[in-house]
Amino acid sequence: MKILVPVKRVVDYNVRVRVRADGSGIETGNVKMSMNPFDEIALEEAVRLKEKGIATEVLAVSIGVPQTRDTLRTALAMGADRALLVALPQDAEQDLEPLCVARILAKIADSEKVDLVIAGKQAIDNDMNATGQMLAAALGWGQGTYASAVDVAEGSVQVTREVDGGLQTLRLKIPAVITTDLRLNQPRYVALPAIMKAKKKTIEDIPLETLGIDITPRLEILKTVEPPTRQAGVKVHSVDELLSKLKTEAGVL
Amino acid sequence: MFLNETQEEVRATTRSFVNAVVRPAAEALDREERFPAEIYEEMGKLGLFGIAVPEELGGPGFDTLTYAVVMEELSRGYASVADQCGLVELITTLLVRHGTPEQQKLLPSIMSMQQKVAYCITEPEAGTDVSGIRTTAVKDGEGWVLNGGKIWIHNAPVADLGFVLARTDKEAGNRGMSIFIVDLHAKGVERGPKEHKMGQRASQVGALDFQDVRLGPNALLGEMNRGFHMMMSVLDKGRVGIASLAVGIAQAGLEAAVEYAGTRKQFGKHISEFQGVQWLLADMAKDIEAARLLVYAAAMKIDHGLDATRSCSMAKCFAGDMAVARTADAVQVFGGSGYIRGFEVERLYRDAKITQIYEGTNQIQRMIIARELLKKGATA
């Protein structure tokens with residue numbers, strides 16, 4: 001079984017994100033970038049399936065500026081067998097929209113004869129939460145989103161989903177698309193010897209134009225703003241004062 | 001900027017491990033003076049022991065600069081953990097350079113921490129002046145008989161294998177010492193009690209006593225009577241390691257101080273708004289950066305095969321002095337809290353002090369720097 005894992009290069013989750021002065025987006029110059037944490041979980045799941053002898057090949061795919069190679073290098077060090085980069089020009093400022101990403105991935109899943117796609121449920125930069133679903137639609141495959149457990153059987157995969165109010169279990173026919181939630185697994189730390197070994201693997205390039213996909217944006221970002229700063233709280237001296245403030249100022253009673 | 005893609009990745013993976021596993025454990029390890037076997041087992045799996053061991057011998061084969069990066073990151077979590085990495089690095093470097101193929105079979109178990117090592121040099125009468133050692137190894141048939149005692153040996157209370165410097169020729173001074181690999185569970189090896197230290201308290205330190213310990217023919221590491229020179233050959237790398245460790249301690253202090261200054265309020269505003277506090281933070285940051293650059297320069301000289309002795313001593317000396325001064329500043333930013341057990345900066349200040357003492361005192365480093373200047377000239 002061949003598994004495709006899309007990985008995205010995003011602003012590291014530890015970075016304090018700043019909005020660009022002109023409001024056109026967030027500052028990415030001189031900012032530490034890392035693999036989207038949900039994609040790490042997806043890759044970990046795929047690598048574990050390979051280690052269990054269920055998967056035969058794990059293919060990491062990324063779409064992005066040339067520096068995205070670093071992210072793919074990490075994917076190789078974590079255990080991906082191959083890495084494909086759909087390179088965008090260095091000045092590609094804006095993210096590709098989920099629909100374009102899904103169409104690109106669908107092409108690759110098709111040409112690579114992939115059996116399973118395991119993707120992060122969303123990227124932590126723009127939180128779209130759409131690519132996995134659109135990819136399933138584009139391929140005409142079943143989808144199991146927000147997975148907190150994945151069990152592969154002969155010809156099918158059982159996915160436990162985290163939904164409001166509990167867990168839902170689905171059985172999907174393979175091929176299928178799975179998107180990962182936070183509690184699916186704890187991704188491994190990359191071992192130092194694996195970093196050295198990954199250096200020797202090649203990252204295959206797929207020129208965007210060979211895929212014949214229109215990446216013209218359909219959405220227009222009007223404005224990006226910082227979240228409002230939290231107002232300082234007040235101390236109340238009695239229950240009566242609290243009640244009166246809740247009634248008069250907060251208007252919640 | 002100074003690091004390549006691979007080194008950045010090594011830094012990132014080490015940092016995420018340290019943030020999740022090492023830094024949160026440091027306070028309890030310090031309090032309990034406990035050997036964190038579970039952390040070391042995990043580090044063994046990640047390849048954090050024996051960083052320079054070449055790939056054909058089962059290691060990742062990284063250069064000295066990468067080693068420096070790892071040491072700083074580990075130490076930012078907890079200096080004792082970094083020092084364990086430094087110890088294994090020296091032992092594995094000696095084994096790679098001087099070990100027979102038979103002896104190199106020890107590498108996997110040392111790198112996975114199944115066998116804990118001790119580097120046994122210091123004696124009561126031989127600290128900075130190593131030539132004063134009195135431990136002897138006397139030829140006896142195929143092997144040797146070891147007698148003597150060592151003090152302040154890192155890992156002595158828990159170690160399985162000792163790399164012991166012993167005198168093999170009484171008349172020959174520095175050319176009369178050899179290094180032996182000693183099974184510390186063998187008959188005749190006695191361990192002294194664990195020392196209770198000021199800082200780096202998870203590092204187990206104690207004495208070892210050798211009474212007619214019989215060593216087999218494979219116990220000799222490298223050439224007979226070349227032990228002193230073998231030891232000296234890894235000193236530069238050792239100094240880079242300790243200098244990085246000092247930078248890591250100070251970096252942890254800076255991070256804690258910046259965060260605290262931005263949250264602690266006095267006179268109705270954050271103390272970070274007071275210029276007096278800002279100057280402390282700025283001085284900390286600039287000295288840490290200066291020390292880090294000295295470390296990188298020294299490491300790169302080693303990696304390029306240049307004469308690195310002066311650079312390594314400058315890095316070790318500057319970084320150690322800096323770490324003590326700047327963790328003191330971190331305590332100052334925290335005010336009274338910084339003096340209380342349980343606050344990270346209190347521990348960091350204690351952990352920093354030994355970096356001026358071990359791996360050659362900073363007085364010795366200054367002697368080396370001066371000696372190099374007077375011998376080779378002041379030109380940079």
# chains A, B, ... in the order shown; residues from 1 in each chain; ligands from 1
$ select_by_dssp --residues "region 162-240 of chain A" --states "strand (DSSP E)" --output "ChimeraX atom specification"
/A:162-163,166-173,176-180,203-207
$ residues_around --residues "Met111 (chain B)" --least-positions-apart "2" --cutoff "7 Å" --atoms "only C-alpha atoms" --output "number ranges by chain"
B: 44, 49-50, 107-109, 113
$ interface_residues --of "chain B" --to "chain A" --cutoff "7 Å" --atoms "only C-alpha atoms" --output "ChimeraX atom specification"
/B:10,13,17,46-48,59-60
$ closest_residue --among "B:Trp144, B:Gly238, B:Ile288, B:Glu9" --to "Ala75 (chain A)" --atoms "only C-alpha atoms"
B:Glu9
$ select_by_dssp --residues "region 199-340 of chain B" --states "helix (DSSP H, G or I)" --output "ChimeraX atom specification"
/B:227-233,235-261,271-273,275-303,309-339
$ residues_around --residues "Ile39 (chain B)" --least-positions-apart "5" --cutoff "10 Å" --atoms "only C-alpha atoms" --output "list in words"
Val18, Val21, Val22, Ala25, Gly44 and Val81 of chain B
$ write_last_selection --atoms "all heavy atoms" --output "PDB file, in the first residue's frame"
ATOM      1  N   VAL B  18      14.212  18.818  23.954  1.00  0.00           N
ATOM      2  CA  VAL B  18      14.582  19.470  25.217  1.00  0.00           C
ATOM      3  C   VAL B  18      13.380  20.192  25.827  1.00  0.00           C
ATOM      4  O   VAL B  18      13.119  20.097  27.032  1.00  0.00           O
ATOM      5  CB  VAL B  18      15.765  20.445  24.982  1.00  0.00           C
ATOM      6  CG1 VAL B  18      15.914  21.418  26.129  1.00  0.00           C
ATOM      7  CG2 VAL B  18      17.047  19.656  24.782  1.00  0.00           C
ATOM      8  N   VAL B  21      10.952  17.353  27.097  1.00  0.00           N
ATOM      9  CA  VAL B  21      11.384  16.311  28.031  1.00  0.00           C
ATOM     10  C   VAL B  21      12.383  16.811  29.084  1.00  0.00           C
ATOM     11  O   VAL B  21      12.255  16.506  30.268  1.00  0.00           O
ATOM     12  CB  VAL B  21      12.003  15.122  27.245  1.00  0.00           C
ATOM     13  CG1 VAL B  21      12.525  14.054  28.184  1.00  0.00           C
ATOM     14  CG2 VAL B  21      10.966  14.528  26.287  1.00  0.00           C
ATOM     15  N   VAL B  22      13.385  17.597  28.642  1.00  0.00           N
ATOM     16  CA  VAL B  22      14.494  17.910  29.543  1.00  0.00           C
ATOM     17  C   VAL B  22      14.178  19.103  30.455  1.00  0.00           C
ATOM     18  O   VAL B  22      14.266  19.000  31.686  1.00  0.00           O
ATOM     19  CB  VAL B  22      15.791  18.182  28.749  1.00  0.00           C
ATOM     20  CG1 VAL B  22      16.936  18.513  29.695  1.00  0.00           C
ATOM     21  CG2 VAL B  22      16.151  16.973  27.886  1.00  0.00           C
ATOM     22  N   ALA B  25      11.879  18.667  33.383  1.00  0.00           N
ATOM     23  CA  ALA B  25      12.335  17.719  34.408  1.00  0.00           C
ATOM     24  C   ALA B  25      13.451  18.294  35.274  1.00  0.00           C
ATOM     25  O   ALA B  25      13.764  17.750  36.336  1.00  0.00           O
ATOM     26  CB  ALA B  25      12.827  16.437  33.742  1.00  0.00           C
ATOM     27  N   GLY B  44      19.676   8.342  23.744  1.00  0.00           N
ATOM     28  CA  GLY B  44      20.410   7.323  23.004  1.00  0.00           C
ATOM     29  C   GLY B  44      19.681   6.959  21.716  1.00  0.00           C
ATOM     30  O   GLY B  44      20.278   6.853  20.649  1.00  0.00           O
ATOM     31  N   VAL B  81      22.379  17.249  31.846  1.00  0.00           N
ATOM     32  CA  VAL B  81      22.081  16.408  30.692  1.00  0.00           C
ATOM     33  C   VAL B  81      23.084  16.691  29.571  1.00  0.00           C
ATOM     34  O   VAL B  81      23.603  15.778  28.934  1.00  0.00           O
ATOM     35  CB  VAL B  81      20.621  16.639  30.237  1.00  0.00           C
ATOM     36  CG1 VAL B  81      20.367  16.002  28.884  1.00  0.00           C
ATOM     37  CG2 VAL B  81      19.654  16.092  31.278  1.00  0.00           C
TER      38      VAL B  81
END
$ residues_around --residues "region 150-161 of chain A" --least-positions-apart "3" --cutoff "7 Å" --atoms "only C-alpha atoms" --output "mmCIF file with C-alpha atoms, in the first residue's frame"
data_model
loop_
_atom_site.group_PDB
_atom_site.id
_atom_site.type_symbol
_atom_site.label_atom_id
_atom_site.label_comp_id
_atom_site.auth_asym_id
_atom_site.auth_seq_id
_atom_site.Cartn_x
_atom_site.Cartn_y
_atom_site.Cartn_z
ATOM 1 C CA GLY A 144 -12.459 10.195 7.230
ATOM 2 C CA THR A 145 -11.692 13.564 8.752
ATOM 3 C CA TYR A 146 -10.491 14.537 12.274
ATOM 4 C CA ALA A 147 -9.094 11.052 12.850
ATOM 5 C CA LEU A 167 -16.382 9.673 18.799
ATOM 6 C CA GLN A 168 -17.709 8.405 15.501
ATOM 7 C CA THR A 169 -16.265 5.342 13.798
ATOM 8 C CA LEU A 170 -16.333 4.975 10.009
ATOM 9 C CA ARG A 171 -15.208 2.209 7.719
ATOM 10 C CA LEU A 172 -13.890 3.499 4.407
ATOM 11 C CA LYS A 173 -13.087 1.527 1.306
ATOM 12 C CA ILE A 174 -9.484 2.000 0.141
#
